[in-house]
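Have a look at the structure below before the remarks.
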Amino acid sequence: NDTLVFNQLYYSPRVERLLLMPTATFPAPRLAIVIPCYNEEEVFAFCQQELSALLYAMVQDQMVQPDSFLLFVDDGSRDSTWAQIRTACTEENYIQGLKLSRNEGHQTALLAGLAAAAPQSDAVISIDADLQDDIQAIPRMVACYHAGYDIVYGVRESRQTDTWFKRTSAEGFYRLMAIMGVQQVFNHADFRLLSQRAVKGLLRYAERNVYIRGLVPLVGFPSTEVTYTRGSRTAGESKYPLSKMLGLAMEGITSLTITPLRLIAALGCFICLLSVIAALYVLVQKFSNATVAGWSSLILSIFFMGGVQMLSLGILGEYIGKIYLETKHRPRFHIESVLSRGALAPHSDH
Ligand code: UDP
Ligand code: MG
């Protein structure tokens, strides 16, 4: 890490100056923890309990301001999740709730939460409701904020508790993204700390469909990582079935890179080159009066070229579809209710 510590001073990349070491009197951030929830009635109570205890401990240690808060975003759940959030909000004044009008997906729900939390906090941490990501990494993230970082990525050091399929598919996806030249933090999902200005930077990306973990590195403020071990879901089942995972992967690729389009062009060049060689071969055969190879080679090349063309058209179509969806400039989400003792400003226009 590039934080140099000399006696009582350390270098802060955020303000680009030497600062006094954080002490109890160091201005601790007003922290918001944003938790998107979709049909999480089974884990909500546990999640609320654990995060509340952690927040309380951090306030006691003067790591964060006493007016720090938890913000639960209900992503159009069809179970009792919202009812539980409502109860929690009426019982505890450090808990806030936001309800989207329908299920918009994890990324959009998270964005809605960040947009609502940022104006009233110095730093925002996002975490999944099932607490698979170790909450003990949160104080370490806050310590990095103290040290001057705007972005702190939570990185899964070990994910033995995920299924073999989830691990392998995730690994394949990260590698694919790397091959296509997309900068992405390996094994980082949506568990991270963002300073207020980093959230504001993120919100300036106006695309309708967001792939947040691909956009955060583009914001580019000083960043660092904390590692942790990923646990298993405490209860309930994954809200990311294969279809949603593939959708997210597709979103990540098409929203961050046009390498697939270039690959089509490269493939086209390669096949052109092959066909020149094949043409020479066929001509030589013709003039040496040998019989030209018949049905098998013909039918194979028709199938092959048909396949290549349909695949290329499909990739092209993905991008065109994306342009179509983006040009409509539809609202990303609608906020149905806001529950807060303070002044949580709804941001329906995002
Ligand atoms: N989630 C959401 N909307 C959705 C799907 C999921 O807000 O449409 C939330 C979910 O409640 C959880 C987080 O996104 O807090 C991650 O989901 P999950 O833990 O099921 O994903 P996994 O850990 O299996 O990848
Ligand atoms: Mg999970």
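Every chain in the structure tokens takes a letter, A first, then B, and so on in the order presented; its residues are numbered from 1, and the ligands are numbered from 1 following the presented order.
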
ask   = Near stretch 145-162 of chain A, counting only C-alpha atoms, which residues have an atom at most 7 Å away, once you skip same-chain residues fewer than 3 positions from it, shown as a list of chain:residue names?
value =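 Counting only the stated atoms, we get A:Ser12, A:Pro13, A:Arg14, A:Val15, A:Pro22, A:Met141, A:Val142, A:Lys166, A:Arg167, A:Asn187, A:His188, A:Phe191, A:Arg192, A:Leu193, A:Leu194, A:Ser195, A:Ala198, A:Phe221, A:Pro222, A:Ser223, A:Thr224, A:Glu225, A:Val226, A:Thr227, A:Tyr228, A:Thr229, A:Arg230, A:Gly231, A:Ser232.
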
message = Quick one: residues within 9 Å of A:Ser337, only C-alpha atoms, excluding same-chain residues fewer than 6 positions away - as a ChimeraX atom specification?
response = /A:97-101,346

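Around ligand 1, using only C-alpha atoms and all ligand atoms and a cut-off of 6 Å, the residues in contact are A:Pro36, A:Cys37, A:Tyr38, A:Glu40, A:Asp75, A:Asn103, A:Gly105, A:His106, A:Ala109, A:Asp128, A:Ala129, A:Asp130, A:Ser238, A:Lys239, A:Tyr240.
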
Restricting it to N, CA and C atoms, dump the selection as a compact mmCIF listing (two decimals), in the first residue's frame.
# COMPACT_ATOMS: atom_id res chain seq x y z
N PRO A 36 -29.06 -3.59 -0.61
CA PRO A 36 -30.18 -3.90 -1.49
C PRO A 36 -30.80 -5.23 -1.07
N CYS A 37 -32.13 -5.29 -1.02
CA CYS A 37 -32.80 -6.52 -0.57
C CYS A 37 -33.88 -6.92 -1.55
N TYR A 38 -33.84 -8.16 -1.99
CA TYR A 38 -34.91 -8.68 -2.84
C TYR A 38 -35.36 -10.01 -2.27
N GLU A 40 -35.76 -10.96 0.84
CA GLU A 40 -34.77 -11.39 1.83
C GLU A 40 -35.38 -11.55 3.23
N ASP A 75 -35.97 -3.92 -3.28
CA ASP A 75 -36.03 -3.96 -4.74
C ASP A 75 -37.29 -4.69 -5.21
N ASN A 103 -39.24 -4.70 -9.13
CA ASN A 103 -37.93 -5.33 -9.11
C ASN A 103 -37.10 -4.86 -10.31
N GLY A 105 -33.61 -5.14 -10.27
CA GLY A 105 -32.31 -5.82 -10.30
C GLY A 105 -31.34 -5.22 -9.31
N HIS A 106 -30.40 -6.05 -8.90
CA HIS A 106 -29.43 -5.69 -7.88
C HIS A 106 -28.69 -4.38 -8.18
N ALA A 109 -30.95 -1.31 -7.92
CA ALA A 109 -31.35 -1.09 -6.54
C ALA A 109 -30.19 -0.46 -5.75
N ASP A 128 -24.26 -6.96 0.42
CA ASP A 128 -25.46 -7.77 0.16
C ASP A 128 -26.15 -8.11 1.47
N ALA A 129 -27.47 -8.31 1.38
CA ALA A 129 -28.25 -8.56 2.59
C ALA A 129 -27.91 -9.90 3.25
N ASP A 130 -27.40 -10.85 2.48
CA ASP A 130 -27.16 -12.17 3.07
C ASP A 130 -25.85 -12.22 3.87
N SER A 238 -29.93 -18.02 -3.30
CA SER A 238 -29.35 -16.96 -4.12
C SER A 238 -30.43 -16.30 -4.97
N LYS A 239 -30.38 -14.98 -5.02
CA LYS A 239 -31.33 -14.25 -5.85
C LYS A 239 -30.74 -14.01 -7.24
N TYR A 240 -29.61 -14.69 -7.50
CA TYR A 240 -28.95 -14.59 -8.79
C TYR A 240 -28.99 -15.92 -9.52

note = ligand 2 proximity check over A:Leu131, A:Leu110, A:Leu31, A:Met180, using only C-alpha atoms and all ligand atoms: winner is A:Leu131

request  = Check the DSSP output for the backbone and give back, as a ChimeraX atom specification, the residues of stretch 78-322 of chain A in alpha helix (DSSP H).
outcome  = /A:81-91,106-117,137-146,164-179,196-203,212-219,242-256,259-287,295-322

inquiry  = Just checking: using only C-alpha atoms, which residue out of A:Leu339, A:Ile302, A:Val210, A:Met245 ends up closest to A:Asn93?
reply    =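 Distance minimum relative to A:Asn93 lands on A:Leu339.
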
ask   = Pick from A:Leu202, A:Ala189, A:Ile271, A:Leu283: nearest to ligand 2, with only C-alpha atoms and all ligand atoms counted?
value =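 Of A:Leu202, A:Ala189, A:Ile271, A:Leu283, the one nearest ligand 2, counting only C-alpha atoms and all ligand atoms, is A:Ala189.
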
task = Step one, run DSSP on the backbone; step two, keep only residues of stretch 120-347 of chain A assigned to strand (DSSP E or B); then write them as JSON, numbers by chain.
result = {"A": [123, 124, 125, 126, 151, 152, 153, 154, 155, 156, 157, 158, 188, 189, 190, 191, 192, 193, 194, 195, 223, 224, 225, 226, 227, 228, 229, 335, 336, 337, 338, 339]}

ask   = Near A:Met250, counting only C-alpha atoms, which residues have an atom at most 10 Å away, once you skip same-chain residues fewer than 4 positions from it, shown as a ChimeraX atom specification?
value = /A:173,211,244-246,254-256,318

request  = Using only C-alpha atoms and all ligand atoms, find the one residue out of A:Leu215, A:Ala235, A:Val124, A:Ala117 that sits nearest to ligand 2.
outcome  = A:Ala235

Name the residues in contact with A:Leu70 at a cut-off of 9 Å, using only C-alpha atoms, excluding same-chain residues fewer than 6 positions from it; report them as a PDB file with C-alpha atoms, in the first residue's frame.
ATOM      1  CA  LEU A  31     -21.094   6.497   7.236  1.00  0.00           C
ATOM      2  CA  ALA A  32     -24.014   5.017   5.317  1.00  0.00           C
ATOM      3  CA  ILE A  33     -24.286   1.275   4.777  1.00  0.00           C
ATOM      4  CA  VAL A  34     -26.516   0.503   1.799  1.00  0.00           C
ATOM      5  CA  ILE A  35     -28.117  -2.919   1.567  1.00  0.00           C
ATOM      6  CA  GLN A  48     -30.140  -5.907  10.729  1.00  0.00           C
ATOM      7  CA  LEU A  51     -24.920  -4.526  11.008  1.00  0.00           C
ATOM      8  CA  SER A  52     -26.500  -2.632  13.902  1.00  0.00           C
ATOM      9  CA  LEU A  55     -22.303   0.236  13.514  1.00  0.00           C
ATOM     10  CA  TYR A  94     -30.404   5.010  12.542  1.00  0.00           C
ATOM     11  CA  ILE A  95     -32.243   2.807  10.041  1.00  0.00           C
ATOM     12  CA  GLN A  96     -33.686   4.157   6.819  1.00  0.00           C
ATOM     13  CA  GLY A  97     -35.680   2.457   4.104  1.00  0.00           C
TER      14      GLY A  97
END

key: Test item: residues at most 9 Å from A:Ala118, only C-alpha atoms, excluding those fewer than 4 positions along its chain, as a ChimeraX atom specification   = /A:32,113-114,122-124,195-197,199-200

message = Give me, as JSON, numbers by chain, all polymer residues having an atom no more than 9 Å from A:Pro260, counting only C-alpha atoms and skipping those fewer than 4 positions away in the same chain.
response = {"A": [180, 253, 254, 264, 265, 312, 315, 316]}

Atoms to include: N, CA and C atoms. Write the selected residues as a short mmCIF file (atom, residue, chain, number, x, y, z; two decimals), in the first residue's frame.
data_model
loop_
_atom_site.label_atom_id
_atom_site.label_comp_id
_atom_site.auth_asym_id
_atom_site.auth_seq_id
_atom_site.Cartn_x
_atom_site.Cartn_y
_atom_site.Cartn_z
N MET A 180 -10.40 -9.17 -22.83
CA MET A 180 -10.99 -8.14 -23.67
C MET A 180 -10.58 -6.74 -23.24
N ILE A 253 -19.89 -6.92 -20.31
CA ILE A 253 -19.06 -6.90 -21.52
C ILE A 253 -19.53 -5.79 -22.47
N THR A 254 -20.83 -5.79 -22.79
CA THR A 254 -21.27 -4.82 -23.81
C THR A 254 -21.20 -3.39 -23.32
N ILE A 264 -15.01 -9.89 -34.42
CA ILE A 264 -15.75 -10.30 -35.61
C ILE A 264 -14.98 -9.85 -36.86
N ALA A 265 -14.51 -8.61 -36.84
CA ALA A 265 -13.75 -8.09 -37.98
C ALA A 265 -12.49 -8.93 -38.20
N SER A 312 -21.85 -13.77 -35.57
CA SER A 312 -21.44 -12.38 -35.71
C SER A 312 -22.65 -11.46 -35.67
N ILE A 315 -23.82 -11.07 -32.10
CA ILE A 315 -23.01 -10.14 -31.31
C ILE A 315 -23.35 -8.70 -31.70
N LEU A 316 -23.43 -8.48 -33.01
CA LEU A 316 -23.79 -7.16 -33.52
C LEU A 316 -25.14 -6.74 -32.95
#

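Take the candidates A:Lys322, A:Arg102, A:Arg86, A:Arg233 and check each one against ligand 2 using only C-alpha atoms and all ligand atoms; the shortest distance goes to A:Arg233.
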
ask   = What gap, in Å, lies between atom CA of A:Ile135 and atom CA of A:Gln62?
value =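 One can read the atom CA of A:Ile135 to atom CA of A:Gln62 distance as 17.6 Å.
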